[in-house]
file target_21.txt (compact mmCIF, C-alpha atoms)
# COMPACT_ATOMS: atom_id res chain seq x y z
CA MET A 78 0.00 0.00 0.00
CA ALA A 79 1.05 3.56 -0.58
CA GLN A 80 3.15 5.06 2.12
CA LYS A 81 3.45 8.68 2.95
CA THR A 82 6.97 9.96 2.75
CA THR A 83 6.47 13.39 4.18
CA ASP A 84 4.60 14.50 7.20
CA GLU A 85 2.54 17.60 7.52
CA ILE A 86 2.81 19.34 10.79
CA THR A 87 0.57 22.11 11.95
CA PHE A 88 1.41 24.94 14.22
CA ASP A 89 -0.77 27.30 16.09
CA GLN A 90 -0.81 30.50 14.11
CA ASP A 91 -1.49 32.54 17.18
CA HIS A 92 1.92 31.79 18.56
CA SER A 93 4.97 33.75 17.57
CA ASP A 94 7.73 32.51 15.34
CA GLN A 95 10.65 33.71 17.43
CA ASN A 96 13.37 32.11 15.37
CA HIS A 97 11.92 33.33 12.07
CA ASP A 98 12.34 29.90 10.61
CA GLY A 99 8.69 29.17 10.06
CA ILE A 100 8.65 26.99 13.12
CA ASP A 101 6.81 28.15 16.18
CA ARG A 102 8.81 26.68 19.02
CA ARG A 103 6.07 27.34 21.50
CA GLY A 104 3.43 26.00 19.19
CA PHE A 105 2.01 22.60 19.40
CA LEU A 106 2.69 20.09 16.73
CA LYS A 107 1.59 16.58 16.50
CA CYS A 108 2.02 13.81 14.04
CA MET A 109 0.43 10.49 14.53
CA ALA A 110 0.83 6.96 13.31
CA TRP A 111 -1.32 4.08 14.34
CA ALA A 112 1.40 1.61 14.79
CA GLY A 113 4.90 1.39 13.54
CA THR A 114 7.94 -0.67 14.04
CA GLY A 115 10.36 1.68 15.70
CA ALA A 116 12.04 5.00 15.33
CA LEU A 117 15.56 5.79 14.21
CA CYS A 118 17.05 8.70 16.12
CA VAL A 119 20.02 10.59 14.76
CA ILE A 120 21.89 13.32 16.59
CA GLN A 121 23.24 15.90 14.17
CA GLY A 122 24.92 18.99 15.53
CA GLY A 123 23.43 18.31 18.93
CA VAL A 124 19.90 18.22 17.58
CA LEU A 125 18.04 14.97 17.58
CA LYS A 126 15.95 13.96 14.63
CA SER A 127 13.78 10.91 14.59
CA TYR A 128 12.69 8.97 11.57
CA SER A 129 9.96 6.42 11.27
CA LEU A 130 11.37 3.07 10.23
CA SER A 131 8.32 2.60 8.07
CA ASN A 132 9.48 5.48 5.94
CA PRO A 133 11.15 4.06 2.83
CA PHE A 134 13.77 6.81 2.95
CA ALA A 135 14.91 5.55 6.31
CA MET A 136 15.64 2.23 4.69
CA LYS A 137 17.41 3.54 1.61
CA ARG A 138 19.39 6.51 2.70
CA HIS A 139 22.47 6.66 4.76
CA ALA A 140 21.79 8.33 8.06
CA ARG A 141 24.72 10.63 8.61
CA GLY A 142 25.02 11.79 12.15
CA GLU A 143 27.29 11.80 15.14
CA LEU A 144 25.19 9.20 16.85
CA SER A 145 22.24 7.13 15.82
CA PHE A 146 20.13 4.87 17.97
CA ILE A 147 16.81 3.09 17.88
CA GLN A 148 13.77 3.53 20.09
CA ILE A 149 11.34 0.65 20.35
CA SER A 150 8.46 0.47 22.79
CA ASP A 151 5.49 -1.43 24.14
CA SER A 152 6.29 -4.91 22.87
CA HIS A 153 3.67 -6.31 25.33
CA MET A 154 5.05 -9.82 25.04
CA GLY A 155 2.31 -12.23 26.11
CA PHE A 156 -0.55 -10.17 24.70
CA ASN A 157 -2.70 -12.48 22.55
CA LYS A 158 -6.00 -10.67 22.14
CA PRO A 159 -7.71 -9.86 18.81
CA ALA A 160 -5.87 -6.54 18.38
CA ASN A 161 -2.75 -8.63 17.65
CA PRO A 162 -2.66 -12.36 18.33
CA ASP A 163 1.03 -12.59 17.33
CA VAL A 164 3.15 -9.97 19.07
CA VAL A 165 6.22 -12.18 18.57
CA ALA A 166 5.95 -11.81 14.81
CA THR A 167 5.56 -8.03 14.95
CA LEU A 168 8.52 -7.61 17.31
CA LYS A 169 10.60 -9.77 14.96
CA ALA A 170 9.44 -7.59 12.06
CA ALA A 171 10.68 -4.54 13.99
CA VAL A 172 14.07 -6.21 14.46
CA ASP A 173 14.20 -7.03 10.74
CA LYS A 174 13.61 -3.35 9.94
CA ILE A 175 16.38 -2.32 12.32
CA ASN A 176 18.74 -4.88 10.82
CA ALA A 177 18.01 -3.63 7.32
CA LEU A 178 19.33 -0.14 8.12
CA PRO A 179 22.48 0.70 6.13
CA VAL A 180 24.34 1.76 9.26
CA VAL A 181 24.14 -0.20 12.49
CA PRO A 182 22.69 2.09 15.16
CA GLU A 183 24.79 2.53 18.27
CA PHE A 184 22.22 0.99 20.63
CA MET A 185 18.51 0.57 21.29
CA LEU A 186 16.24 2.15 23.87
CA HIS A 187 13.18 0.19 24.94
CA THR A 188 10.71 2.59 26.55
CA GLY A 189 8.76 0.03 28.54
CA ASP A 190 5.91 -2.45 28.55
CA ILE A 191 8.43 -5.05 27.51
CA SER A 192 6.04 -7.70 28.85
CA HIS A 193 2.27 -7.76 29.09
CA LEU A 194 1.92 -9.43 32.51
CA SER A 195 5.44 -9.26 34.01
CA LYS A 196 5.92 -13.00 33.50
CA SER A 197 9.51 -14.18 33.34
CA GLU A 198 8.92 -16.10 30.10
CA GLU A 199 7.62 -12.89 28.52
CA PHE A 200 10.82 -11.03 29.43
CA ASP A 201 12.87 -14.04 28.24
CA ASN A 202 11.09 -13.99 24.91
CA VAL A 203 11.79 -10.31 24.29
CA ASP A 204 15.43 -10.67 25.34
CA GLN A 205 15.80 -13.58 22.93
CA ILE A 206 14.26 -11.72 19.99
CA LEU A 207 16.28 -8.57 20.64
CA LYS A 208 19.49 -10.63 20.62
CA SER A 209 19.03 -11.00 16.87
CA ALA A 210 19.13 -7.22 16.41
CA ARG A 211 22.43 -5.85 15.10
CA PRO A 212 22.70 -3.18 17.81
CA GLN A 213 23.63 -5.38 20.73
CA LYS A 214 23.21 -2.93 23.56
CA VAL A 215 19.68 -2.25 24.81
CA PHE A 216 18.74 0.25 27.52
CA PHE A 217 15.40 -0.23 29.22
CA VAL A 218 12.95 1.69 31.37
CA PRO A 219 9.91 -0.07 32.83
CA GLY A 220 6.29 0.32 31.79
CA GLU A 221 3.46 -0.36 34.22
CA HIS A 222 3.07 -3.84 32.70
CA ASP A 223 6.66 -4.70 33.70
CA VAL A 224 6.23 -4.09 37.43
CA LEU A 225 3.01 -6.03 38.15
CA ASN A 226 2.49 -7.87 41.42
CA ASP A 227 6.03 -7.45 42.79
CA ASP A 228 6.62 -3.68 42.76
CA GLY A 229 9.14 -4.11 39.99
CA LYS A 230 11.47 -6.55 41.77
CA GLN A 231 11.88 -8.85 38.80
CA TYR A 232 12.30 -5.94 36.41
CA ARG A 233 15.11 -4.49 38.54
CA GLU A 234 16.85 -7.86 38.84
CA ARG A 235 16.82 -8.23 35.08
CA TYR A 236 17.39 -4.73 33.75
CA ALA A 237 18.52 -2.47 36.58
CA LYS A 238 20.62 -4.68 38.78
CA ASN A 239 23.20 -2.28 40.15
CA ILE A 240 21.02 0.76 39.95
CA LYS A 241 19.56 2.69 42.85
CA GLY A 242 15.91 3.48 43.38
CA ASP A 243 13.30 2.02 41.06
CA GLY A 244 15.71 1.74 38.16
CA TRP A 245 16.53 5.26 36.99
CA TYR A 246 20.00 5.94 35.58
CA SER A 247 21.98 8.01 33.16
CA PHE A 248 24.87 7.42 30.79
CA ASP A 249 26.91 9.34 28.28
CA MET A 250 27.44 8.39 24.69
CA LYS A 251 29.49 10.46 22.24
CA GLY A 252 28.90 13.66 24.15
CA VAL A 253 25.17 13.10 24.59
CA HIS A 254 23.77 12.66 28.10
CA PHE A 255 21.02 10.02 28.31
CA ILE A 256 18.65 9.83 31.28
CA GLY A 257 16.29 6.87 31.84
CA LEU A 258 13.44 7.74 34.20
CA VAL A 259 10.81 5.59 35.93
CA ASN A 260 7.30 7.04 36.12
CA VAL A 261 5.16 3.92 36.56
CA MET A 262 5.64 3.23 40.28
CA ASN A 263 3.45 4.22 43.24
CA LEU A 264 0.68 5.63 41.10
CA LYS A 265 -1.95 7.46 43.14
CA PRO A 266 -5.75 7.18 42.75
CA GLY A 267 -7.02 9.55 40.10
CA GLY A 268 -3.49 10.54 39.17
CA LEU A 269 -1.03 10.34 36.30
CA GLY A 270 2.45 8.92 35.96
CA THR A 271 4.74 9.90 38.83
CA LEU A 272 8.48 10.42 39.16
CA GLY A 273 8.55 11.07 42.90
CA SER A 274 10.78 13.14 45.13
CA GLU A 275 13.66 10.66 45.44
CA GLN A 276 14.07 10.42 41.68
CA MET A 277 13.67 14.18 41.35
CA GLU A 278 16.56 14.80 43.78
CA TRP A 279 18.69 12.34 41.86
CA LEU A 280 17.86 14.04 38.56
CA GLU A 281 18.74 17.48 39.87
CA LYS A 282 22.17 16.21 40.98
CA ASP A 283 22.67 14.18 37.82
CA VAL A 284 22.47 17.18 35.48
CA LYS A 285 23.96 19.81 37.79
CA HIS A 286 27.52 19.57 36.54
CA LEU A 287 26.79 19.22 32.85
CA SER A 288 27.56 22.13 30.59
CA LYS A 289 24.48 23.71 29.09
CA SER A 290 25.62 22.82 25.60
CA THR A 291 25.39 19.10 26.37
CA PRO A 292 22.61 17.50 24.34
CA VAL A 293 20.27 15.70 26.73
CA VAL A 294 17.98 12.79 25.87
CA VAL A 295 15.41 11.78 28.49
CA PHE A 296 13.47 8.53 28.08
CA ALA A 297 10.61 7.17 30.17
CA HIS A 298 7.51 5.08 29.58
CA ILE A 299 4.56 7.41 30.23
CA PRO A 300 4.74 10.70 28.32
CA LEU A 301 6.40 13.51 30.27
CA TRP A 302 3.91 15.99 28.84
CA ALA A 303 0.15 16.14 29.12
CA VAL A 304 -0.84 14.25 25.98
CA TYR A 305 -4.31 13.42 27.28
CA PRO A 306 -4.70 13.49 31.05
CA GLU A 307 -8.27 12.18 30.78
CA TRP A 308 -6.74 8.82 29.86
CA GLY A 309 -3.82 9.17 32.25
CA TRP A 310 -1.46 10.04 29.40
CA GLY A 311 0.86 12.37 31.23
CA THR A 312 3.15 12.61 34.27
CA ALA A 313 2.03 14.59 37.31
CA ASP A 314 5.42 16.00 38.31
CA SER A 315 7.05 16.24 34.87
CA ALA A 316 7.16 20.06 34.99
CA GLN A 317 9.60 19.92 37.92
CA ALA A 318 11.83 17.47 36.07
CA LEU A 319 11.79 19.62 32.95
CA ALA A 320 12.67 22.68 35.03
CA TYR A 321 16.03 21.06 35.84
CA LEU A 322 16.63 20.71 32.11
CA LYS A 323 15.62 24.22 31.14
CA ARG A 324 19.14 25.58 30.84
CA PHE A 325 20.20 23.02 28.24
CA GLY A 326 20.24 24.01 24.59
CA SER A 327 18.87 20.72 23.31
CA VAL A 328 16.60 18.38 25.25
CA THR A 329 14.77 15.46 23.67
CA VAL A 330 12.16 13.48 25.54
CA LEU A 331 11.29 10.00 24.27
CA ASN A 332 8.24 8.14 25.59
CA GLY A 333 6.01 5.17 24.79
CA HIS A 334 2.79 4.06 26.49
CA ILE A 335 0.28 5.59 24.07
CA HIS A 336 1.06 3.28 21.12
CA GLN A 337 1.15 6.03 18.52
CA THR A 338 3.61 8.71 17.50
CA MET A 339 3.17 12.27 18.61
CA GLN A 340 5.55 15.18 18.68
CA LYS A 341 5.59 18.44 20.45
CA VAL A 342 8.20 21.19 20.51
CA GLU A 343 8.30 23.54 23.44
CA GLY A 344 11.22 25.89 23.85
CA ASN A 345 14.37 23.80 23.65
CA VAL A 346 12.53 20.60 24.40
CA THR A 347 11.30 18.22 21.74
CA PHE A 348 8.91 15.51 22.84
CA HIS A 349 8.37 12.31 20.87
CA THR A 350 6.25 9.28 21.59
CA ALA A 351 6.94 5.99 19.83
CA THR A 352 4.58 3.47 18.35
CA SER A 353 4.12 0.05 19.86
CA THR A 354 5.44 -3.10 18.25
CA ALA A 355 2.34 -4.93 19.51
CA PHE A 356 -0.98 -3.21 18.93
CA PRO A 357 -2.41 0.22 18.14
CA GLN A 358 -4.36 2.36 20.57
CA PRO A 359 -6.96 4.97 19.64
CA LYS A 360 -6.26 8.64 19.19
CA PRO A 361 -6.91 10.63 22.36
CA GLY A 362 -10.63 10.76 23.03
CA ALA A 363 -11.51 8.91 19.82
CA ALA A 364 -12.83 5.86 21.67
CA PRO A 365 -14.51 5.20 25.01
CA SER A 366 -11.18 4.02 26.45
CA PRO A 367 -7.51 3.71 25.49
CA GLY A 368 -7.70 -0.10 25.19
CA PRO A 369 -6.15 -2.09 22.34
CA MET A 370 -7.65 -1.07 19.03
CA LYS A 371 -8.79 -3.95 16.89
CA VAL A 372 -8.43 -3.53 13.16
CA PRO A 373 -9.15 -6.22 10.54
CA ALA A 374 -6.35 -8.80 10.63
CA GLU A 375 -5.26 -8.10 7.07
CA GLN A 376 -4.88 -4.41 7.91
CA LEU A 377 -2.74 -4.72 11.02
CA ARG A 378 0.54 -5.23 9.17
CA ALA A 379 -0.47 -2.71 6.53
CA LEU A 380 -1.11 -0.14 9.22
CA LEU A 381 2.32 -0.67 10.64
CA GLY A 382 4.21 2.21 9.25
CA VAL A 383 1.40 4.35 7.92
CA THR A 384 2.01 7.83 9.14
CA ASP A 385 -1.00 10.01 9.59
CA VAL A 386 -0.46 13.60 10.53
CA ASN A 387 -3.18 15.65 12.14
CA TYR A 388 -3.81 19.26 12.76
CA VAL A 389 -4.11 19.99 16.42
CA ARG A 390 -4.67 23.70 16.45
CA GLY A 391 -4.59 26.35 13.82
CA HIS A 392 -4.79 25.91 10.09
CA HIS A 393 -1.26 26.48 8.95
CA PRO A 394 0.25 23.35 7.49
CA LEU A 395 4.02 23.07 7.48
CA ALA A 396 6.26 20.34 6.22
CA VAL A 397 9.25 19.72 8.49
CA THR A 398 12.07 17.27 8.19
CA ASP A 399 12.00 16.05 11.78
CA SER A 400 9.95 13.04 10.97
CA THR A 401 11.17 12.06 7.53
CA LEU A 402 14.58 11.24 6.19
CA GLU A 403 15.31 13.96 3.69
CA MET B 111 -44.45 -43.21 64.60
CA LYS B 112 -46.17 -39.85 64.31
CA LYS B 113 -44.57 -38.67 67.55
CA ASN B 114 -41.15 -39.65 66.25
CA SER B 115 -41.49 -37.58 63.09
CA TRP B 116 -42.36 -34.49 65.19
CA VAL B 117 -39.19 -35.04 67.17
CA TYR B 118 -37.21 -35.36 63.95
CA SER B 119 -38.74 -32.17 62.55
CA ILE B 120 -37.91 -30.19 65.67
CA ALA B 121 -34.40 -31.60 65.69
CA ALA B 122 -33.96 -30.64 62.05
CA CYS B 123 -35.18 -27.09 62.74
CA LEU B 124 -32.81 -26.74 65.66
CA LEU B 125 -29.95 -27.99 63.52
CA LEU B 126 -30.85 -25.48 60.83
CA ILE B 127 -30.87 -22.65 63.36
CA VAL B 128 -27.47 -23.74 64.64
CA VAL B 129 -26.10 -23.86 61.08
CA VAL B 130 -27.50 -20.39 60.27
CA LEU B 131 -26.10 -18.95 63.50
CA THR B 132 -22.69 -20.50 62.83
CA GLU B 133 -22.69 -19.11 59.32
CA SER B 134 -23.53 -15.59 60.44
CA ARG B 135 -20.72 -15.78 62.98
CA GLY B 136 -18.48 -16.90 60.13
CA ALA B 137 -19.62 -13.90 58.12
CA LEU B 138 -18.77 -11.56 60.95
CA ALA B 139 -15.33 -13.11 61.00
CA GLY B 140 -15.00 -12.48 57.25
CA SER B 141 -15.67 -15.95 55.89
CA PRO B 142 -16.17 -15.45 52.12
CA GLU B 143 -18.64 -18.28 51.40
CA ALA B 144 -21.04 -17.30 54.16
CA ASN B 145 -23.27 -14.88 52.26
CA PRO B 146 -24.37 -16.31 48.93
CA PRO B 147 -26.01 -13.25 47.30
CA GLY B 148 -22.79 -11.37 46.58
CA ILE B 149 -22.42 -8.38 44.36
CA ALA B 150 -20.70 -8.26 40.99
CA ILE B 151 -18.67 -5.36 39.62
CA THR B 152 -17.34 -5.49 36.09
CA ILE B 153 -14.39 -3.72 34.52
CA ASP B 154 -15.19 -2.58 31.00
CA ASN B 155 -13.56 0.13 28.92
CA PHE B 156 -11.26 1.19 31.76
CA SER B 157 -14.21 1.72 34.13
CA PHE B 158 -15.61 -0.01 37.19
CA THR B 159 -19.35 -0.67 36.75
CA PRO B 160 -21.20 0.26 38.83
CA PRO B 161 -18.78 2.92 40.04
CA ALA B 162 -20.35 3.12 43.48
CA VAL B 163 -22.05 0.32 45.42
CA THR B 164 -23.52 0.15 48.90
CA VAL B 165 -23.46 -3.26 50.59
CA LYS B 166 -24.11 -4.80 53.98
CA ALA B 167 -21.02 -5.92 55.91
CA GLY B 168 -20.25 -9.53 55.04
CA THR B 169 -21.37 -9.28 51.42
CA GLN B 170 -18.91 -10.76 49.00
CA ILE B 171 -17.91 -8.41 46.19
CA THR B 172 -16.50 -9.93 43.02
CA TRP B 173 -14.77 -7.92 40.31
CA THR B 174 -14.41 -9.34 36.80
CA ASN B 175 -12.09 -7.79 34.24
CA ARG B 176 -13.70 -7.83 30.81
CA ASP B 177 -11.10 -5.60 29.12
CA ASP B 178 -8.34 -6.81 26.82
CA ILE B 179 -5.84 -5.16 29.16
CA PRO B 180 -4.97 -6.16 32.72
CA HIS B 181 -6.31 -4.10 35.61
CA THR B 182 -6.01 -4.21 39.39
CA VAL B 183 -8.46 -3.51 42.22
CA VAL B 184 -6.69 -1.68 45.04
CA SER B 185 -8.29 0.20 47.91
CA SER B 186 -6.68 3.50 48.87
CA ASP B 187 -6.22 2.37 52.48
CA ASN B 188 -4.91 -1.06 51.44
CA ALA B 189 -7.93 -2.89 52.91
CA PHE B 190 -7.91 -4.98 49.73
CA LYS B 191 -5.51 -5.36 46.84
CA SER B 192 -5.76 -7.72 43.89
CA LYS B 193 -3.01 -9.09 41.71
CA ALA B 194 -3.08 -7.97 38.08
CA LEU B 195 -6.30 -9.34 36.59
CA ASP B 196 -6.02 -10.44 32.98
CA THR B 197 -9.09 -10.72 30.75
CA ASP B 198 -11.92 -12.59 32.56
CA ASP B 199 -9.91 -12.94 35.77
CA LYS B 200 -11.86 -12.34 38.98
CA PHE B 201 -11.06 -10.94 42.40
CA SER B 202 -13.28 -11.20 45.48
CA PHE B 203 -13.33 -9.35 48.75
CA THR B 204 -15.80 -9.52 51.63
CA PRO B 205 -15.78 -6.37 53.73
CA THR B 206 -16.57 -6.86 57.40
CA LYS B 207 -16.18 -3.33 58.71
CA PRO B 208 -18.63 -0.56 57.85
CA GLY B 209 -17.12 2.42 56.11
CA THR B 210 -16.32 3.92 52.73
CA TYR B 211 -13.69 2.13 50.68
CA ASN B 212 -12.33 4.17 47.78
CA TYR B 213 -10.44 2.01 45.33
CA PHE B 214 -8.67 2.31 41.99
CA CYS B 215 -6.68 0.46 39.36
CA SER B 216 -3.01 0.87 40.23
CA LEU B 217 -2.05 0.48 36.56
CA HIS B 218 -4.53 3.05 35.28
CA PRO B 219 -5.06 5.31 38.29
CA LYS B 220 -7.67 7.37 36.47
CA MET B 221 -9.97 4.41 37.12
CA THR B 222 -11.50 5.11 40.53
CA ALA B 223 -14.64 3.78 42.24
CA ARG B 224 -16.16 3.26 45.69
CA VAL B 225 -17.71 0.66 47.95
CA VAL B 226 -19.79 1.81 50.90
CA VAL B 227 -20.24 -0.82 53.61
CA GLU B 228 -23.17 -0.42 56.03
call {"tool": "encode", "arguments": {"input": "target_21.txt", "output": "structure tokens"}}
result
Amino acid sequence: MAQKTTDEITFDQDHSDQNHDGIDRRGFLKCMAWAGTGALCVIQGGVLKSYSLSNPFAMKRHARGELSFIQISDSHMGFNKPANPDVVATLKAAVDKINALPVVPEFMLHTGDISHLSKSEEFDNVDQILKSARPQKVFFVPGEHDVLNDDGKQYRERYAKNIKGDGWYSFDMKGVHFIGLVNVMNLKPGGLGTLGSEQMEWLEKDVKHLSKSTPVVVFAHIPLWAVYPEWGWGTADSAQALAYLKRFGSVTVLNGHIHQTMQKVEGNVTFHTATSTAFPQPKPGAAPSPGPMKVPAEQLRALLGVTDVNYVRGHHPLAVTDSTLE
Amino acid sequence: MKKNSWVYSIAACLLLIVVVLTESRGALAGSPEANPPGIAITIDNFSFTPPAVTVKAGTQITWTNRDDIPHTVVSSDNAFKSKALDTDDKFSFTPTKPGTYNYFCSLHPKMTARVVVE
């Protein structure tokens, strides 16, 4: 089926274009895909760009950058309901896409919901499948499905063994500072994702001594911006975390959880959410609940990789290169 | 013969009374099988239905998850807490103390509901 190769992004006309580049940094932009296979992230000149792996350009062109890595998310191993009875096959398809890239990415980030029910065989299965990916190193953060019934004990034993707290950490790669945050623990009635005061203190210290020109990439499961609080798609104390990152010239926030791609640019911060490798979820408010969205079986694979871009506010369409490989 | 059957009837009634009394004591102590007409709450579309119920102490409450996504049933004061319930999994709790029990799904905390025990 025909694939879109460019994305249309809309910006709110009411907001100012401070950089005179046609892009309103304070505006709200959003592009959506039902389900994809992963995202290729390339850091060029300290600015991160992400490309959908379903985009044919991502497969054909050489991604030139100082650092490239992959984000995959929400593999939900163990899920077997009508929305996708074979999540093994779709995760393997994602790995095939990654392996077909002309340049081997440096590493992979998995932004949570590795498993569906926190069962050890589900984690084993994902680990096994990811071993066949050419990038050998994988960094994880937990989703709420990975910490069921044991407050995340098994998750930490597997993926965060020598790490303090609930499994938050940071690392540096080619001059880029990466921060993995945990926002799926100790959720409060009626609330959203939570980082908590202990993690917040750690974060403040973690970035304190970095120079402001250091590119920062933050990754966590639940979006760190209010995508749709009515469905719990946001993190209650994310504003405080982002305040610690305000002084940096380039901050990129990568999340999963909502099983569709969205982007937002606010000041120096670019937010991206990744698609799931397992099943699509409805657009915010487009269904009675955010449960798995069932599409006809023959359409599931076809929908993987279709990028659909929506206007959020305003009427001013703008093509940007953030989401396609130009 | 007739006299004997009267005796048997009275004995049977007494036995029944004893059984009923024992069962109500069991209910006070929180025995789950003591009160047959329990109440059912379903989880559909990320919602508890009905969202608020009022029950007598000793009534068994059973939650059934009918979503394609796991949910939990956790009271705010930790009076009850289920494991993750996959599709069609059930969780039961029999409150013994009167009061208001607010509960939620710890995976999707926007899902909140209430049990009032009289």
call {"tool": "interface_residues", "arguments": {"input": "target_21.txt", "of": "chain A", "to": "chain B", "cutoff": "9 Å", "atoms": "all atoms listed in the file", "output": "PyMOL selection string"}}
result
chain A and resi 156+158-160+193-194+221-222+225-226+261-270+306-309+365-369
call {"tool": "atom_distance", "arguments": {"input": "target_21.txt", "atom1": "CA of Ser195 (chain A)", "atom2": "CA of Asp223 (chain A)"}}
result
4.7 Å
call {"tool": "axis_aligned_box", "arguments": {"input": "target_21.txt", "around": "region 214-227 of chain B", "padding_each_side": "3 Å", "output": "JSON"}}
result
{"center_x": -11.1, "center_y": 3.3, "center_z": 44.4, "size_x": 24.2, "size_y": 14.2, "size_z": 24.3}
call {"tool": "atom_distance", "arguments": {"input": "target_21.txt", "atom1": "CA of Trp173 (chain B)", "atom2": "CA of Phe158 (chain B)"}}
result
8.5 Å
call {"tool": "atom_distance", "arguments": {"input": "target_21.txt", "atom1": "CA of Ser290 (chain A)", "atom2": "CA of Gly326 (chain A)"}}
result
5.6 Å
call {"tool": "closest_residue", "arguments": {"input": "target_21.txt", "among": "B:Asp199, B:Tyr211, B:Glu228, B:Gly148", "to": "Pro161 (chain B)", "atoms": "all atoms listed in the file"}}
result
B:Tyr211
call {"tool": "closest_residue", "arguments": {"input": "target_21.txt", "among": "B:Val227, B:Ala189, B:Ile171, B:Val183", "to": "Pro147 (chain B)", "atoms": "all atoms listed in the file"}}
result
B:Ile171
call {"tool": "closest_residue", "arguments": {"input": "target_21.txt", "among": "B:Ile153, B:Val225, B:Thr206, B:Lys200", "to": "Ala167 (chain B)", "atoms": "all atoms listed in the file"}}
result
B:Thr206
